[in-house]
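Below is one structure, written out as structure tokens; the observations come after it.
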Amino acid sequence: MAILDILVYPDPRLKQISDPVTKFDSALKDFIRDLNETMLAGPGCVGIAAPQVGYFDRIVIVDLSSKPKNPNHGKLVLVNPVIVEASGSNIGREGCLSVPDYTGNIARAKKITLTAQDEEGNEHSYQMKGFEARVVQHEIDHLDGLLFLDRLVCRRSELFPRQNYAE
Amino acid sequence: MSSWYLLTLVGKDRPGIVAGVTTALYKMGANLGEASMVQLGGNFTIMVLAQYKGTEKELSEFILPVAKKFDLRLHIDSVLEPKHQTSLPDVRITVYGADRSGIVAEATTALANAGLNILNLESDVGGGPNSIYILIIEGTADKGIDALQKVLDDLARDKKLETRLSPIDTLIG
């Protein structure tokens, strides 16, 4: 087992799109073990995506077992995850192992329906909401070469004076 | 060795201020850090951290011509090397109500007594003749969130303000 090196922005590899996993073999399981260990080594870290360690396959791990106040599925290994349905929107604060020192307000879907395979290749479907849905959306973005910086709303508040359209 | 300075420039808003000021800083070899540049009323305010090899006097001499060009008042402070987000906010508080004097003073005094350390405060006034005052505060709850919730409930009841507290649970992933 090993803690892998995290790619840090502006490493251009973070913008790369990851490929679907096709082989569910022992190499995949070994990698997932290392990826999990790398996530656990990040202080307060609740998720990680394979491209963050320079491995461009569609694999993410989320683990909200340390956040019992938020309804969640505990630790999940998601291989080839796809959001098949998303609804609602809320704004929450996000940071990232690959973007040290910064956090930002990001709008994400409130509820999602997700399909994904586990490390054996079995298909699963999950309903998620709130913080867990946010974590999954953040990690899937990594598979598509997107960072939370690509979705920043505003460093300042979200309140803006309205224009007067007709006088 | 280069030092860090906090530059404050304030004046009536007009197009080109940000470009003019930052270009002057860039041309003299300054490296910018975090900045807040925002319109307040009809004024434009710039507060920007800049790293610069020369003295405060040299910095001031370089920037004064552009400040004069845009009718901006310039103030420079020498500061320590800045750190990014030395503390993360863990709570966000919104207070609003019919505009009157004292809302900010009352709310922030009560919150300070309950352990709030303010990291960011923005406010706005709007809504026509019966104007609304809106206050958005982010900070750290040094005595816990329950203490803040209690004073916000008191403010809502005693001062006729709408208050809302949301914990900020920062996702790291």
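Each chain of the structure tokens is named A, B, ... in the order shown, its residues numbered from 1; ligands are numbered from 1 in display order.
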Write out as a ChimeraX atom specification the set of residues from stretch 2-173 of chain B that DSSP, computed on the backbone, places in alpha helix (DSSP H). /B:17-27,56-69,103-113,145-159
Write the selection just made, keeping N, CA and C atoms, as a compact mmCIF listing (two decimals), in the first residue's frame?
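Here's the written file result-v1.txt:
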```txt
# COMPACT_ATOMS: atom_id res chain seq x y z
N ILE B 17 -10.19 52.46 -13.87
CA ILE B 17 -9.41 52.60 -12.63
C ILE B 17 -8.57 51.34 -12.38
N VAL B 18 -9.20 50.17 -12.44
CA VAL B 18 -8.49 48.93 -12.10
C VAL B 18 -7.34 48.71 -13.09
N ALA B 19 -7.63 48.88 -14.37
CA ALA B 19 -6.58 48.68 -15.38
C ALA B 19 -5.44 49.67 -15.16
N GLY B 20 -5.78 50.94 -14.89
CA GLY B 20 -4.75 51.96 -14.71
C GLY B 20 -3.85 51.68 -13.51
N VAL B 21 -4.49 51.35 -12.37
CA VAL B 21 -3.72 51.14 -11.14
C VAL B 21 -2.88 49.87 -11.24
N THR B 22 -3.49 48.77 -11.72
CA THR B 22 -2.73 47.51 -11.73
C THR B 22 -1.63 47.54 -12.79
N THR B 23 -1.85 48.26 -13.89
CA THR B 23 -0.79 48.37 -14.90
C THR B 23 0.40 49.16 -14.34
N ALA B 24 0.11 50.22 -13.59
CA ALA B 24 1.19 50.99 -12.98
C ALA B 24 1.98 50.13 -12.01
N LEU B 25 1.27 49.31 -11.23
CA LEU B 25 1.96 48.43 -10.26
C LEU B 25 2.82 47.39 -11.00
N TYR B 26 2.25 46.84 -12.05
CA TYR B 26 2.96 45.81 -12.83
C TYR B 26 4.23 46.40 -13.45
N LYS B 27 4.10 47.59 -14.01
CA LYS B 27 5.24 48.21 -14.70
C LYS B 27 6.38 48.53 -13.74
N GLU B 56 8.43 52.21 0.84
CA GLU B 56 7.06 52.74 0.81
C GLU B 56 7.03 54.07 0.05
N LYS B 57 8.09 54.87 0.25
CA LYS B 57 8.16 56.19 -0.39
C LYS B 57 8.23 56.03 -1.92
N GLU B 58 9.08 55.08 -2.37
CA GLU B 58 9.21 54.87 -3.82
C GLU B 58 7.89 54.37 -4.41
N LEU B 59 7.24 53.44 -3.69
CA LEU B 59 5.96 52.91 -4.14
C LEU B 59 4.96 54.05 -4.29
N SER B 60 4.92 54.90 -3.29
CA SER B 60 3.99 56.01 -3.29
C SER B 60 4.27 56.96 -4.47
N GLU B 61 5.57 57.24 -4.72
CA GLU B 61 5.91 58.15 -5.83
C GLU B 61 5.49 57.59 -7.19
N PHE B 62 5.60 56.25 -7.33
CA PHE B 62 5.21 55.62 -8.59
C PHE B 62 3.70 55.64 -8.81
N ILE B 63 2.95 55.45 -7.70
CA ILE B 63 1.50 55.26 -7.84
C ILE B 63 0.74 56.59 -7.84
N LEU B 64 1.34 57.62 -7.20
CA LEU B 64 0.62 58.89 -7.09
C LEU B 64 0.15 59.47 -8.44
N PRO B 65 0.99 59.41 -9.51
CA PRO B 65 0.50 59.97 -10.78
C PRO B 65 -0.78 59.30 -11.28
N VAL B 66 -0.86 57.96 -11.15
CA VAL B 66 -2.07 57.29 -11.64
C VAL B 66 -3.24 57.57 -10.70
N ALA B 67 -2.96 57.66 -9.40
CA ALA B 67 -4.01 58.00 -8.44
C ALA B 67 -4.57 59.39 -8.77
N LYS B 68 -3.68 60.33 -9.08
CA LYS B 68 -4.12 61.70 -9.44
C LYS B 68 -4.94 61.68 -10.71
N LYS B 69 -4.49 60.87 -11.68
CA LYS B 69 -5.17 60.82 -12.98
C LYS B 69 -6.65 60.42 -12.80
N ILE B 103 -28.23 48.86 13.15
CA ILE B 103 -28.37 47.41 12.91
C ILE B 103 -27.00 46.71 12.99
N VAL B 104 -26.01 47.28 12.31
CA VAL B 104 -24.70 46.62 12.27
C VAL B 104 -24.08 46.61 13.67
N ALA B 105 -24.17 47.74 14.35
CA ALA B 105 -23.58 47.82 15.69
C ALA B 105 -24.24 46.83 16.64
N GLU B 106 -25.57 46.76 16.62
CA GLU B 106 -26.26 45.85 17.53
C GLU B 106 -25.94 44.39 17.22
N ALA B 107 -26.02 44.07 15.94
CA ALA B 107 -25.81 42.67 15.56
C ALA B 107 -24.37 42.23 15.83
N THR B 108 -23.41 43.04 15.42
CA THR B 108 -22.02 42.59 15.56
C THR B 108 -21.57 42.61 17.02
N THR B 109 -22.11 43.53 17.83
CA THR B 109 -21.74 43.53 19.26
C THR B 109 -22.25 42.25 19.93
N ALA B 110 -23.51 41.91 19.66
CA ALA B 110 -24.08 40.70 20.25
C ALA B 110 -23.30 39.47 19.79
N LEU B 111 -22.98 39.44 18.49
CA LEU B 111 -22.28 38.26 17.95
C LEU B 111 -20.85 38.18 18.49
N ALA B 112 -20.19 39.33 18.63
CA ALA B 112 -18.83 39.32 19.17
C ALA B 112 -18.84 38.77 20.60
N ASN B 113 -19.83 39.20 21.39
CA ASN B 113 -19.93 38.71 22.77
C ASN B 113 -20.18 37.20 22.82
N ILE B 145 -21.66 27.19 17.75
CA ILE B 145 -22.74 27.75 16.94
C ILE B 145 -23.99 28.03 17.79
N ASP B 146 -24.23 27.23 18.83
CA ASP B 146 -25.43 27.42 19.65
C ASP B 146 -25.44 28.80 20.32
N ALA B 147 -24.25 29.24 20.74
CA ALA B 147 -24.14 30.56 21.38
C ALA B 147 -24.55 31.66 20.40
N LEU B 148 -24.13 31.51 19.14
CA LEU B 148 -24.49 32.51 18.12
C LEU B 148 -25.98 32.46 17.82
N GLN B 149 -26.51 31.24 17.73
CA GLN B 149 -27.94 31.09 17.42
C GLN B 149 -28.79 31.76 18.48
N LYS B 150 -28.34 31.65 19.72
CA LYS B 150 -29.12 32.24 20.82
C LYS B 150 -29.18 33.77 20.67
N VAL B 151 -28.03 34.42 20.40
CA VAL B 151 -28.08 35.89 20.29
C VAL B 151 -28.83 36.31 19.03
N LEU B 152 -28.78 35.49 17.98
CA LEU B 152 -29.55 35.84 16.78
C LEU B 152 -31.05 35.75 17.05
N ASP B 153 -31.47 34.74 17.83
CA ASP B 153 -32.88 34.63 18.22
C ASP B 153 -33.29 35.85 19.04
N ASP B 154 -32.40 36.27 19.95
CA ASP B 154 -32.70 37.47 20.76
C ASP B 154 -32.82 38.71 19.87
N LEU B 155 -31.91 38.85 18.90
CA LEU B 155 -31.96 40.01 18.00
C LEU B 155 -33.25 40.02 17.21
N ALA B 156 -33.66 38.84 16.73
CA ALA B 156 -34.87 38.74 15.94
C ALA B 156 -36.07 39.18 16.77
N ARG B 157 -36.09 38.77 18.03
CA ARG B 157 -37.24 39.06 18.89
C ARG B 157 -37.23 40.53 19.35
N ASP B 158 -36.05 40.98 19.84
CA ASP B 158 -35.99 42.30 20.49
C ASP B 158 -35.80 43.44 19.50
N LYS B 159 -35.17 43.20 18.37
CA LYS B 159 -34.81 44.30 17.47
C LYS B 159 -35.55 44.23 16.14
```
Quick check: residues of chain B within 9 Å of chain A, only C-alpha atoms, returned as JSON, numbers by chain. {"B": [84, 85, 86, 88, 120, 122, 124, 125, 126, 136, 168, 169, 170, 171, 172, 173]}
Keeping all heavy atoms, export the residues of the selection given above as a tab-separated table (two decimals), in the first residue's frame.
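Wrote out_9.tsv, looks like this:
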```tsv
chain	number	residue	atom	x	y	z
B	84	HIS	N	-2.52	32.85	2.80
B	84	HIS	CA	-3.83	32.55	2.23
B	84	HIS	C	-4.73	31.96	3.31
B	84	HIS	O	-4.36	31.00	3.95
B	84	HIS	CB	-3.71	31.52	1.12
B	84	HIS	CG	-3.16	32.10	-0.14
B	84	HIS	ND1	-3.86	32.99	-0.90
B	84	HIS	CD2	-1.98	31.92	-0.75
B	84	HIS	CE1	-3.13	33.32	-1.95
B	84	HIS	NE2	-1.98	32.70	-1.88
B	85	GLN	N	-5.91	32.53	3.47
B	85	GLN	CA	-6.96	31.96	4.31
B	85	GLN	C	-6.42	31.33	5.58
B	85	GLN	O	-6.46	30.12	5.76
B	85	GLN	CB	-7.75	30.91	3.52
B	85	GLN	CG	-8.52	31.55	2.39
B	85	GLN	CD	-9.64	30.66	1.90
B	85	GLN	OE1	-9.62	29.45	2.06
B	85	GLN	NE2	-10.64	31.25	1.27
B	86	THR	N	-5.87	32.17	6.46
B	86	THR	CA	-5.32	31.64	7.71
B	86	THR	C	-6.41	30.98	8.54
B	86	THR	O	-6.14	30.03	9.24
B	86	THR	CB	-4.62	32.75	8.51
B	86	THR	OG1	-5.43	33.91	8.45
B	86	THR	CG2	-3.26	33.06	7.92
B	88	LEU	N	-10.52	29.41	8.13
B	88	LEU	CA	-11.68	29.15	7.28
B	88	LEU	C	-12.93	29.49	8.05
B	88	LEU	O	-13.05	29.11	9.21
B	88	LEU	CB	-11.73	27.66	6.93
B	88	LEU	CG	-10.81	27.15	5.84
B	88	LEU	CD1	-10.94	25.63	5.75
B	88	LEU	CD2	-11.16	27.78	4.50
B	120	ASN	N	-15.40	38.17	7.16
B	120	ASN	CA	-15.88	38.87	5.98
B	120	ASN	C	-17.27	39.43	6.29
B	120	ASN	O	-18.11	38.73	6.84
B	120	ASN	CB	-15.96	37.88	4.82
B	120	ASN	CG	-16.28	38.55	3.50
B	120	ASN	OD1	-16.05	39.74	3.33
B	120	ASN	ND2	-16.83	37.79	2.57
B	122	GLU	N	-20.31	41.93	4.45
B	122	GLU	CA	-20.77	42.77	3.35
B	122	GLU	C	-22.17	43.22	3.69
B	122	GLU	O	-22.92	42.49	4.33
B	122	GLU	CB	-20.82	41.95	2.05
B	122	GLU	CG	-19.46	41.62	1.53
B	122	GLU	CD	-19.49	40.43	0.60
B	122	GLU	OE1	-20.53	40.20	-0.03
B	122	GLU	OE2	-18.47	39.74	0.53
B	124	ASP	N	-25.68	45.73	2.27
B	124	ASP	CA	-26.31	46.42	1.15
B	124	ASP	C	-27.56	47.11	1.66
B	124	ASP	O	-28.19	46.66	2.62
B	124	ASP	CB	-26.67	45.37	0.08
B	124	ASP	CG	-26.52	45.95	-1.32
B	124	ASP	OD1	-26.62	47.19	-1.46
B	124	ASP	OD2	-26.31	45.17	-2.25
B	125	VAL	N	-27.90	48.22	1.03
B	125	VAL	CA	-29.15	48.91	1.34
B	125	VAL	C	-29.92	49.01	0.04
B	125	VAL	O	-29.36	49.40	-0.98
B	125	VAL	CB	-28.89	50.34	1.85
B	125	VAL	CG1	-30.16	50.93	2.46
B	125	VAL	CG2	-27.75	50.38	2.83
B	126	GLY	N	-31.18	48.68	0.07
B	126	GLY	CA	-31.95	48.78	-1.17
B	126	GLY	C	-33.43	48.71	-0.89
B	126	GLY	O	-33.84	48.65	0.28
B	136	ILE	N	-24.44	40.44	5.51
B	136	ILE	CA	-24.01	39.05	5.33
B	136	ILE	C	-22.62	38.91	5.96
B	136	ILE	O	-21.69	39.63	5.59
B	136	ILE	CB	-23.97	38.66	3.85
B	136	ILE	CG1	-25.37	38.79	3.24
B	136	ILE	CG2	-23.45	37.24	3.67
B	136	ILE	CD1	-25.40	38.71	1.75
B	168	ILE	N	-21.09	26.48	7.83
B	168	ILE	CA	-20.38	26.25	6.57
B	168	ILE	C	-19.57	24.98	6.74
B	168	ILE	O	-18.64	24.92	7.54
B	168	ILE	CB	-19.44	27.42	6.23
B	168	ILE	CG1	-20.24	28.72	6.08
B	168	ILE	CG2	-18.66	27.13	4.95
B	168	ILE	CD1	-19.37	29.93	5.83
B	169	ASP	N	-19.98	23.96	6.02
B	169	ASP	CA	-19.31	22.67	6.10
B	169	ASP	C	-18.46	22.56	4.83
B	169	ASP	O	-18.97	22.25	3.77
B	169	ASP	CB	-20.38	21.58	6.15
B	169	ASP	CG	-19.89	20.35	6.87
B	169	ASP	OD1	-18.69	20.30	7.18
B	169	ASP	OD2	-20.71	19.45	7.12
B	170	THR	N	-17.19	22.87	4.93
B	170	THR	CA	-16.37	22.91	3.71
B	170	THR	C	-16.01	21.50	3.27
B	170	THR	O	-15.49	20.71	4.04
B	170	THR	CB	-15.09	23.73	3.96
B	170	THR	OG1	-15.47	25.05	4.35
B	170	THR	CG2	-14.25	23.82	2.69
B	171	LEU	N	-16.31	21.23	2.01
B	171	LEU	CA	-16.00	19.92	1.42
B	171	LEU	C	-14.53	19.93	0.99
B	171	LEU	O	-14.10	20.85	0.30
B	171	LEU	CB	-16.90	19.74	0.20
B	171	LEU	CG	-16.84	18.54	-0.72
B	171	LEU	CD1	-18.04	18.61	-1.62
B	171	LEU	CD2	-15.60	18.44	-1.55
B	172	ILE	N	-13.78	18.93	1.39
B	172	ILE	CA	-12.43	18.79	0.87
B	172	ILE	C	-12.37	17.47	0.10
B	172	ILE	O	-12.59	16.41	0.67
B	172	ILE	CB	-11.37	18.79	2.00
B	172	ILE	CG1	-11.50	20.04	2.87
B	172	ILE	CG2	-9.96	18.66	1.44
B	172	ILE	CD1	-11.14	21.33	2.19
B	173	GLY	N	-12.11	17.56	-1.18
B	173	GLY	CA	-12.11	16.33	-1.97
B	173	GLY	C	-11.24	16.42	-3.19
B	173	GLY	O	-10.58	17.39	-3.41
```
Per DSSP on the backbone, filter stretch 16-156 of chain B down to the residues in strand (DSSP E) and report them as an MDAnalysis selection string. chainID B and resid 31:40 43:52 73:79 91:98 116:126 132:141
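Computed from the coordinates, the atom CA of B:Lys143 to atom CA of B:Lys83 distance equals 24.4 Å.
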